[in-house]
>>> print(open('protein32.cif').read())   # mmCIF, C-alpha atoms
data_query
#
loop_
_atom_site.label_atom_id
_atom_site.label_comp_id
_atom_site.auth_asym_id
_atom_site.auth_seq_id
_atom_site.Cartn_x
_atom_site.Cartn_y
_atom_site.Cartn_z
CA MET H 18 112.46 122.41 42.51
CA ALA H 19 115.59 123.41 44.35
CA GLU H 20 113.74 126.55 45.43
CA ASN H 21 111.06 124.38 47.12
CA ILE H 22 113.66 122.54 49.13
CA MET H 23 115.15 125.79 50.40
CA ILE H 24 111.72 126.95 51.59
CA ASP H 25 111.19 123.72 53.61
CA LYS H 26 114.46 124.19 55.51
CA VAL H 27 114.43 126.16 58.74
CA ILE H 28 116.97 128.96 58.93
CA GLY H 29 118.20 130.00 62.37
CA GLU H 30 119.47 133.42 63.50
CA SER H 31 122.95 132.77 62.21
CA GLY H 32 121.58 132.18 58.74
CA ALA H 33 122.63 128.52 58.73
CA SER H 34 119.98 126.06 57.70
CA ASN H 35 118.75 123.55 60.24
CA SER H 36 117.13 120.61 58.50
CA ASN H 37 117.21 118.54 61.71
CA ALA H 38 114.70 120.86 63.42
CA THR H 39 111.65 118.98 62.13
CA SER H 40 113.07 115.58 63.02
CA GLN H 41 114.01 116.88 66.48
CA SER H 42 110.52 118.23 67.10
CA GLN H 43 109.05 114.86 66.10
CA SER H 44 111.34 113.01 68.52
CA VAL H 45 110.42 115.43 71.34
CA GLN H 46 106.72 114.73 70.69
CA SER H 47 107.28 110.97 70.76
CA LYS H 48 109.22 111.28 74.04
CA ALA H 49 106.38 113.30 75.54
CA LYS H 50 103.95 110.50 74.72
CA LYS H 51 106.24 107.83 76.22
CA GLN H 52 105.77 107.14 79.93
CA ARG H 53 108.86 107.15 82.08
CA LYS H 54 109.60 103.98 84.00
CA LYS H 55 108.42 104.21 87.60
CA ARG H 56 111.51 104.14 89.81
CA SER H 57 109.93 104.18 93.27
CA VAL H 58 109.31 100.90 95.03
CA ALA H 59 105.91 102.31 96.07
CA TRP H 60 104.45 101.61 92.63
CA GLU H 61 104.70 97.85 93.29
CA TYR H 62 102.03 98.29 95.96
CA PHE H 63 99.94 101.09 94.38
CA ASP H 64 97.93 101.45 91.17
CA GLN H 65 98.23 104.75 89.36
CA ILE H 66 94.99 106.57 88.48
CA ILE H 67 93.97 110.04 87.35
CA ASP H 68 90.87 111.43 89.06
CA PRO H 69 88.17 113.44 87.21
CA GLU H 70 89.90 116.71 88.17
CA GLY H 71 93.10 115.58 86.46
CA ASN H 72 95.10 114.84 89.63
CA GLN H 73 97.46 111.91 89.53
CA LYS H 74 96.82 109.54 92.44
CA GLY H 75 98.04 106.23 93.78
CA VAL H 76 95.55 103.65 95.10
CA CYS H 77 96.78 101.07 97.62
CA LYS H 78 96.35 97.56 96.21
CA HIS H 79 95.61 96.24 99.72
CA CYS H 80 93.26 98.71 101.45
CA LYS H 81 92.17 100.79 98.40
CA ARG H 82 93.02 104.19 99.98
CA GLU H 83 93.90 106.99 97.56
CA TYR H 84 96.85 109.36 97.87
CA PHE H 85 98.05 112.21 95.69
CA ALA H 86 101.10 111.11 93.74
CA ASP H 87 101.88 113.81 91.17
CA SER H 88 105.56 113.58 90.33
CA LYS H 89 106.04 117.36 90.47
CA ASP H 90 104.00 118.27 93.55
CA ASN H 91 103.62 115.27 95.87
CA ALA H 92 106.03 112.67 94.54
CA THR H 93 105.71 109.32 96.31
CA LYS H 94 106.38 110.36 99.92
CA SER H 95 102.76 109.85 100.99
CA LEU H 96 102.71 106.43 99.30
CA LEU H 97 105.87 105.32 101.07
CA THR H 98 104.55 106.58 104.40
CA HIS H 99 101.32 104.64 103.90
CA MET H 100 103.28 101.48 103.10
CA ALA H 101 104.82 101.56 106.58
CA LYS H 102 101.42 101.97 108.26
CA CYS H 103 99.02 99.86 106.17
CA LEU H 104 98.01 96.87 108.30
CA LYS H 105 96.46 95.01 105.39
CA MET H 106 99.73 95.30 103.48
CA LEU H 107 101.66 93.93 106.47
CA LEU H 108 99.29 91.00 106.72
CA ASP H 109 99.56 90.23 102.99
CA VAL H 110 103.36 90.30 103.13
CA ALA H 111 103.29 88.16 106.27
CA LYS H 112 101.21 85.49 104.50
CA SER H 113 103.83 85.10 101.80
CA GLN H 114 106.70 84.63 104.24
CA SER H 115 107.13 81.59 106.41
CA LYS H 116 108.07 82.07 110.04
CA LEU H 117 109.92 79.79 112.39
CA GLY H 118 109.23 79.09 116.02
CA PHE H 119 111.38 77.45 118.66
CA ASN H 120 109.77 74.87 120.93
CA PRO H 121 111.61 73.22 123.84
CA ILE H 122 112.30 69.53 123.32
CA PRO H 123 110.53 67.46 125.99
CA GLY H 124 113.04 65.38 127.93
CA GLY H 125 115.97 67.22 126.33
CA ASN H 126 118.74 69.22 127.91
CA LYS H 127 118.16 72.76 129.07
CA GLY H 128 118.24 75.06 126.02
CA ASP H 129 117.53 72.31 123.47
CA VAL H 130 114.89 73.50 121.04
CA ALA H 131 113.19 72.21 117.93
CA VAL H 132 112.63 74.54 114.99
CA VAL H 133 109.00 74.35 113.87
CA PRO H 134 106.96 76.39 111.38
CA TRP H 135 104.87 79.07 113.08
CA LYS H 136 101.75 80.85 111.90
CA PHE H 137 99.98 83.77 113.55
CA ASP H 138 96.44 82.92 114.66
CA GLN H 139 94.19 85.76 115.89
CA GLU H 140 91.78 83.37 117.62
CA GLN H 141 94.53 81.60 119.58
CA CYS H 142 95.87 84.97 120.72
CA ARG H 143 92.40 86.08 121.85
CA LYS H 144 91.99 82.84 123.79
CA ALA H 145 95.41 83.28 125.45
CA LEU H 146 94.51 86.89 126.30
CA CYS H 147 91.30 85.71 128.00
CA CYS H 148 93.24 83.09 129.96
CA MET H 149 95.67 85.78 131.10
CA VAL H 150 92.83 88.09 132.19
CA ILE H 151 91.15 85.27 134.15
CA VAL H 152 94.26 83.70 135.74
CA ASP H 153 95.86 87.03 136.70
CA GLU H 154 92.49 88.52 137.72
CA LEU H 155 92.97 91.56 135.51
CA PRO H 156 90.15 94.01 134.79
CA PHE H 157 88.57 93.71 131.35
CA SER H 158 89.54 97.33 130.65
CA PHE H 159 93.20 96.22 130.80
CA VAL H 160 93.17 95.67 127.04
CA GLU H 161 92.30 99.32 126.38
CA LYS H 162 95.15 100.78 128.43
CA GLU H 163 98.00 102.52 126.66
CA GLY H 164 100.75 100.34 128.14
CA PHE H 165 99.17 97.09 126.93
CA MET H 166 98.51 98.56 123.46
CA ASN H 167 102.13 99.70 123.11
CA PHE H 168 103.37 96.32 124.31
CA MET H 169 101.27 94.49 121.74
CA LYS H 170 102.48 96.76 118.92
CA VAL H 171 106.01 95.64 119.71
CA ALA H 172 105.34 92.02 120.65
CA GLN H 173 102.88 91.14 117.89
CA PRO H 174 101.89 93.95 115.50
CA PHE H 175 99.47 91.65 113.65
CA PHE H 176 97.29 91.14 116.72
CA ARG H 177 94.11 93.21 116.55
CA ILE H 178 93.41 94.08 120.15
CA PRO H 179 89.76 93.37 121.00
CA SER H 180 87.62 95.78 123.02
CA ARG H 181 86.92 95.17 126.71
CA ARG H 182 83.39 94.05 125.83
CA THR H 183 84.73 91.48 123.38
CA VAL H 184 87.21 90.24 126.00
CA THR H 185 84.35 89.95 128.51
CA ARG H 186 82.31 87.91 126.04
CA ASP H 187 85.34 85.74 125.17
CA CYS H 188 86.04 85.10 128.87
CA PHE H 189 82.47 83.95 129.49
CA ASP H 190 82.63 81.71 126.41
CA LEU H 191 85.95 80.30 127.61
CA PHE H 192 84.53 79.71 131.10
CA ASN H 193 81.55 77.86 129.65
CA ASP H 194 83.79 75.73 127.40
CA LYS H 195 84.36 72.33 129.01
CA ASN H 196 87.56 71.51 127.05
CA VAL H 197 89.74 74.22 128.58
CA SER H 198 92.70 73.17 130.65
CA TRP H 199 94.20 75.87 132.83
#
>>> encode(input="protein32.cif", output="structure tokens")
Amino acid sequence: MAENIMIDKVIGESGASNSNATSQSQSVQSKAKKQRKKRSVAWEYFDQIIDPEGNQKGVCKHCKREYFADSKDNATKSLLTHMAKCLKMLLDVAKSQSKLGFNPIPGGNKGDVAVVPWKFDQEQCRKALCCMVIVDELPFSFVEKEGFMNFMKVAQPFFRIPSRRTVTRDCFDLFNDKNVSW
């Protein structure tokens, strides 16, 4: 029986027995099966999938776009870049955060303001844009010019700039509306 035990042991080059070799190989296999914890903040906003070709990808939880995200080849750079550009993600984050606005106090001293909650409203912005086009007698194509687009990206990145045809239609609707005060 002692002979059977000696056969089960693994003997290395030095001739010393290594009975821990089997237990080490088992622990290596269990580690290979275990998933490492995702360290990148990108994985909070992306779901991990493996496509039919075996590529590891990340799918945006907001706009459902897919990006390669293999830890050895692509890492999470493309995911992080998308996070900065994804408009749907910006809108979802914006909904969860409250914003404050400052309104002047009527009858108060110069510089007195009241802090009020503020919420972005696409329709109000479109109406204000139409009023600006009408009052300042701007061409409808003004909204498609590069300067205005860059200004709006800085001033209000959530505002989806309408086309000149949409602005034309909105201006006619605003003109026909009887409740508008200029």
>>> atom_distance(input="protein32.cif", atom1="atom CA of Val133 of chain H", atom2="atom CA of Phe119 of chain H")
6.2 Å
>>> atom_distance(input="protein32.cif", atom1="atom CA of Ser180 of chain H", atom2="atom CA of Asp194 of chain H")
20.9 Å
>>> resolve_selection(input="protein32.cif", expression="the PyMOL selection byres ((chain H and resi 58) around 12)", output="list in words")
Lys54, Lys55, Arg56, Ser57, Ala59, Trp60, Glu61, Tyr62, Phe63, Thr93, Lys94, Leu96, Leu97, Thr98 and Met100 of chain H
>>> resolve_selection(input="protein32.cif", expression="the PyMOL selection byres ((chain H and resi 64) around 6)", output="JSON, numbers by chain")
{"H": [63, 65, 75, 76]}
>>> closest_residue(input="protein32.cif", among="H:Glu163, H:Leu104, H:Asp187, H:Glu154", to="Cys142 of chain H", atoms="all atoms listed in the file")
H:Asp187
>>> atom_distance(input="protein32.cif", atom1="atom CA of Thr183 of chain H", atom2="atom CA of Val160 of chain H")
10.1 Å
>>> closest_residue(input="protein32.cif", among="H:Asn120, H:Asn193, H:Gln173, H:Thr185", to="Ser158 of chain H", atoms="all atoms listed in the file")
H:Thr185
>>> residues_around(input="protein32.cif", residues="Met149 of chain H", least_positions_apart="6", cutoff="10 Å", atoms="only C-alpha atoms", output="PDB file with C-alpha atoms, in the frame of the given file")
ATOM      1  CA  ARG H 143      92.400  86.080 121.850  1.00  0.00           C
ATOM      2  CA  LEU H 155      92.970  91.560 135.510  1.00  0.00           C
ATOM      3  CA  CYS H 188      86.040  85.100 128.870  1.00  0.00           C
TER       4      CYS H 188
END
>>> closest_residue(input="protein32.cif", among="H:Lys136, H:Ser95, H:Val152, H:Cys103", to="His79 of chain H", atoms="all atoms listed in the file")
H:Cys103
>>> closest_residue(input="protein32.cif", among="H:Gln139, H:Pro179, H:Ala145, H:Pro134", to="Lys116 of chain H", atoms="only C-alpha atoms")
H:Pro134
>>> residues_around(input="protein32.cif", residues="Gln73 of chain H", least_positions_apart="4", cutoff="6 Å", atoms="only C-alpha atoms", output="PyMOL selection string")
chain H and resi 66-67+86-87
>>> closest_residue(input="protein32.cif", among="H:Phe175, H:Ala101, H:Val132, H:Gln141", to="Leu191 of chain H", atoms="only C-alpha atoms")
H:Gln141
>>> decode(input="protein32.cif", residues="segment 120-136 of chain H", atoms="all heavy atoms", output="PDB file, in the first residue's frame")
ATOM      1  N   ASN H 120     -34.196  83.091 -10.259  1.00  0.00           N
ATOM      2  CA  ASN H 120     -35.136  84.060 -10.818  1.00  0.00           C
ATOM      3  C   ASN H 120     -35.038  85.355 -10.027  1.00  0.00           C
ATOM      4  O   ASN H 120     -34.968  85.326  -8.785  1.00  0.00           O
ATOM      5  CB  ASN H 120     -36.574  83.534 -10.755  1.00  0.00           C
ATOM      6  CG  ASN H 120     -36.811  82.409 -11.721  1.00  0.00           C
ATOM      7  OD1 ASN H 120     -36.022  82.183 -12.629  1.00  0.00           O
ATOM      8  ND2 ASN H 120     -37.915  81.697 -11.523  1.00  0.00           N
ATOM      9  N   PRO H 121     -35.080  86.513 -10.721  1.00  0.00           N
ATOM     10  CA  PRO H 121     -35.059  87.781  -9.991  1.00  0.00           C
ATOM     11  C   PRO H 121     -36.343  87.950  -9.177  1.00  0.00           C
ATOM     12  O   PRO H 121     -37.423  87.533  -9.600  1.00  0.00           O
ATOM     13  CB  PRO H 121     -34.954  88.838 -11.091  1.00  0.00           C
ATOM     14  CG  PRO H 121     -35.344  88.149 -12.343  1.00  0.00           C
ATOM     15  CD  PRO H 121     -35.111  86.687 -12.155  1.00  0.00           C
ATOM     16  N   ILE H 122     -36.204  88.536  -8.014  1.00  0.00           N
ATOM     17  CA  ILE H 122     -37.365  88.766  -7.151  1.00  0.00           C
ATOM     18  C   ILE H 122     -38.046  90.057  -7.595  1.00  0.00           C
ATOM     19  O   ILE H 122     -37.394  91.113  -7.638  1.00  0.00           O
ATOM     20  CB  ILE H 122     -36.940  88.867  -5.664  1.00  0.00           C
ATOM     21  CG1 ILE H 122     -36.320  87.554  -5.214  1.00  0.00           C
ATOM     22  CG2 ILE H 122     -38.122  89.253  -4.788  1.00  0.00           C
ATOM     23  CD1 ILE H 122     -35.758  87.591  -3.810  1.00  0.00           C
ATOM     24  N   PRO H 123     -39.334  89.979  -7.959  1.00  0.00           N
ATOM     25  CA  PRO H 123     -40.018  91.211  -8.374  1.00  0.00           C
ATOM     26  C   PRO H 123     -40.126  92.183  -7.199  1.00  0.00           C
ATOM     27  O   PRO H 123     -40.501  91.809  -6.096  1.00  0.00           O
ATOM     28  CB  PRO H 123     -41.392  90.743  -8.844  1.00  0.00           C
ATOM     29  CG  PRO H 123     -41.492  89.299  -8.502  1.00  0.00           C
ATOM     30  CD  PRO H 123     -40.168  88.823  -8.036  1.00  0.00           C
ATOM     31  N   GLY H 124     -39.762  93.427  -7.445  1.00  0.00           N
ATOM     32  CA  GLY H 124     -39.841  94.448  -6.397  1.00  0.00           C
ATOM     33  C   GLY H 124     -38.666  94.402  -5.435  1.00  0.00           C
ATOM     34  O   GLY H 124     -38.616  95.175  -4.487  1.00  0.00           O
ATOM     35  N   GLY H 125     -37.718  93.508  -5.650  1.00  0.00           N
ATOM     36  CA  GLY H 125     -36.560  93.404  -4.758  1.00  0.00           C
ATOM     37  C   GLY H 125     -35.424  94.295  -5.217  1.00  0.00           C
ATOM     38  O   GLY H 125     -35.510  94.991  -6.236  1.00  0.00           O
ATOM     39  N   ASN H 126     -34.366  94.293  -4.450  1.00  0.00           N
ATOM     40  CA  ASN H 126     -33.186  95.065  -4.817  1.00  0.00           C
ATOM     41  C   ASN H 126     -32.496  94.444  -6.015  1.00  0.00           C
ATOM     42  O   ASN H 126     -32.711  93.277  -6.333  1.00  0.00           O
ATOM     43  CB  ASN H 126     -32.199  95.128  -3.639  1.00  0.00           C
ATOM     44  CG  ASN H 126     -32.767  95.876  -2.457  1.00  0.00           C
ATOM     45  OD1 ASN H 126     -33.600  96.775  -2.630  1.00  0.00           O
ATOM     46  ND2 ASN H 126     -32.325  95.515  -1.271  1.00  0.00           N
ATOM     47  N   LYS H 127     -31.635  95.237  -6.634  1.00  0.00           N
ATOM     48  CA  LYS H 127     -30.899  94.733  -7.790  1.00  0.00           C
ATOM     49  C   LYS H 127     -29.985  93.593  -7.330  1.00  0.00           C
ATOM     50  O   LYS H 127     -29.256  93.725  -6.350  1.00  0.00           O
ATOM     51  CB  LYS H 127     -30.054  95.846  -8.407  1.00  0.00           C
ATOM     52  CG  LYS H 127     -29.313  95.416  -9.636  1.00  0.00           C
ATOM     53  CD  LYS H 127     -28.518  96.557 -10.231  1.00  0.00           C
ATOM     54  CE  LYS H 127     -27.756  96.043 -11.428  1.00  0.00           C
ATOM     55  NZ  LYS H 127     -26.921  97.084 -12.000  1.00  0.00           N
ATOM     56  N   GLY H 128     -30.043  92.471  -8.013  1.00  0.00           N
ATOM     57  CA  GLY H 128     -29.210  91.310  -7.654  1.00  0.00           C
ATOM     58  C   GLY H 128     -29.886  90.316  -6.729  1.00  0.00           C
ATOM     59  O   GLY H 128     -29.342  89.260  -6.462  1.00  0.00           O
ATOM     60  N   ASP H 129     -31.075  90.656  -6.186  1.00  0.00           N
ATOM     61  CA  ASP H 129     -31.799  89.719  -5.342  1.00  0.00           C
ATOM     62  C   ASP H 129     -32.423  88.642  -6.224  1.00  0.00           C
ATOM     63  O   ASP H 129     -33.114  88.956  -7.202  1.00  0.00           O
ATOM     64  CB  ASP H 129     -32.903  90.422  -4.540  1.00  0.00           C
ATOM     65  CG  ASP H 129     -32.346  91.281  -3.419  1.00  0.00           C
ATOM     66  OD1 ASP H 129     -31.144  91.137  -3.111  1.00  0.00           O
ATOM     67  OD2 ASP H 129     -33.112  92.087  -2.855  1.00  0.00           O
ATOM     68  N   VAL H 130     -32.190  87.405  -5.878  1.00  0.00           N
ATOM     69  CA  VAL H 130     -32.740  86.305  -6.659  1.00  0.00           C
ATOM     70  C   VAL H 130     -33.379  85.283  -5.732  1.00  0.00           C
ATOM     71  O   VAL H 130     -33.028  85.184  -4.559  1.00  0.00           O
ATOM     72  CB  VAL H 130     -31.654  85.606  -7.524  1.00  0.00           C
ATOM     73  CG1 VAL H 130     -31.129  86.529  -8.596  1.00  0.00           C
ATOM     74  CG2 VAL H 130     -30.520  85.085  -6.671  1.00  0.00           C
ATOM     75  N   ALA H 131     -34.296  84.534  -6.299  1.00  0.00           N
ATOM     76  CA  ALA H 131     -34.912  83.409  -5.593  1.00  0.00           C
ATOM     77  C   ALA H 131     -34.425  82.126  -6.252  1.00  0.00           C
ATOM     78  O   ALA H 131     -34.363  82.031  -7.483  1.00  0.00           O
ATOM     79  CB  ALA H 131     -36.430  83.501  -5.661  1.00  0.00           C
ATOM     80  N   VAL H 132     -34.076  81.162  -5.442  1.00  0.00           N
ATOM     81  CA  VAL H 132     -33.635  79.865  -5.952  1.00  0.00           C
ATOM     82  C   VAL H 132     -34.875  79.001  -6.162  1.00  0.00           C
ATOM     83  O   VAL H 132     -35.657  78.791  -5.239  1.00  0.00           O
ATOM     84  CB  VAL H 132     -32.653  79.188  -4.976  1.00  0.00           C
ATOM     85  CG1 VAL H 132     -32.230  77.831  -5.493  1.00  0.00           C
ATOM     86  CG2 VAL H 132     -31.450  80.071  -4.732  1.00  0.00           C
ATOM     87  N   VAL H 133     -35.046  78.536  -7.397  1.00  0.00           N
ATOM     88  CA  VAL H 133     -36.217  77.724  -7.733  1.00  0.00           C
ATOM     89  C   VAL H 133     -35.756  76.470  -8.464  1.00  0.00           C
ATOM     90  O   VAL H 133     -34.715  76.473  -9.119  1.00  0.00           O
ATOM     91  CB  VAL H 133     -37.211  78.508  -8.627  1.00  0.00           C
ATOM     92  CG1 VAL H 133     -37.805  79.683  -7.880  1.00  0.00           C
ATOM     93  CG2 VAL H 133     -36.538  78.989  -9.894  1.00  0.00           C
ATOM     94  N   PRO H 134     -36.496  75.377  -8.356  1.00  0.00           N
ATOM     95  CA  PRO H 134     -36.125  74.180  -9.123  1.00  0.00           C
ATOM     96  C   PRO H 134     -36.315  74.443 -10.604  1.00  0.00           C
ATOM     97  O   PRO H 134     -37.251  75.144 -11.007  1.00  0.00           O
ATOM     98  CB  PRO H 134     -37.069  73.095  -8.614  1.00  0.00           C
ATOM     99  CG  PRO H 134     -38.152  73.809  -7.899  1.00  0.00           C
ATOM    100  CD  PRO H 134     -37.645  75.143  -7.501  1.00  0.00           C
ATOM    101  N   TRP H 135     -35.432  73.885 -11.421  1.00  0.00           N
ATOM    102  CA  TRP H 135     -35.477  74.102 -12.859  1.00  0.00           C
ATOM    103  C   TRP H 135     -35.448  72.766 -13.567  1.00  0.00           C
ATOM    104  O   TRP H 135     -34.732  71.852 -13.161  1.00  0.00           O
ATOM    105  CB  TRP H 135     -34.276  74.940 -13.294  1.00  0.00           C
ATOM    106  CG  TRP H 135     -34.197  75.147 -14.762  1.00  0.00           C
ATOM    107  CD1 TRP H 135     -34.855  76.082 -15.490  1.00  0.00           C
ATOM    108  CD2 TRP H 135     -33.411  74.397 -15.689  1.00  0.00           C
ATOM    109  NE1 TRP H 135     -34.532  75.962 -16.812  1.00  0.00           N
ATOM    110  CE2 TRP H 135     -33.636  74.937 -16.962  1.00  0.00           C
ATOM    111  CE3 TRP H 135     -32.540  73.328 -15.574  1.00  0.00           C
ATOM    112  CZ2 TRP H 135     -33.034  74.443 -18.107  1.00  0.00           C
ATOM    113  CZ3 TRP H 135     -31.938  72.835 -16.708  1.00  0.00           C
ATOM    114  CH2 TRP H 135     -32.185  73.390 -17.956  1.00  0.00           C
ATOM    115  N   LYS H 136     -36.223  72.662 -14.643  1.00  0.00           N
ATOM    116  CA  LYS H 136     -36.263  71.437 -15.432  1.00  0.00           C
ATOM    117  C   LYS H 136     -36.185  71.808 -16.903  1.00  0.00           C
ATOM    118  O   LYS H 136     -36.863  72.734 -17.359  1.00  0.00           O
ATOM    119  CB  LYS H 136     -37.563  70.679 -15.156  1.00  0.00           C
ATOM    120  CG  LYS H 136     -37.669  69.371 -15.891  1.00  0.00           C
ATOM    121  CD  LYS H 136     -38.979  68.681 -15.623  1.00  0.00           C
ATOM    122  CE  LYS H 136     -39.061  67.448 -16.487  1.00  0.00           C
ATOM    123  NZ  LYS H 136     -40.400  67.052 -16.777  1.00  0.00           N
TER     124      LYS H 136
END
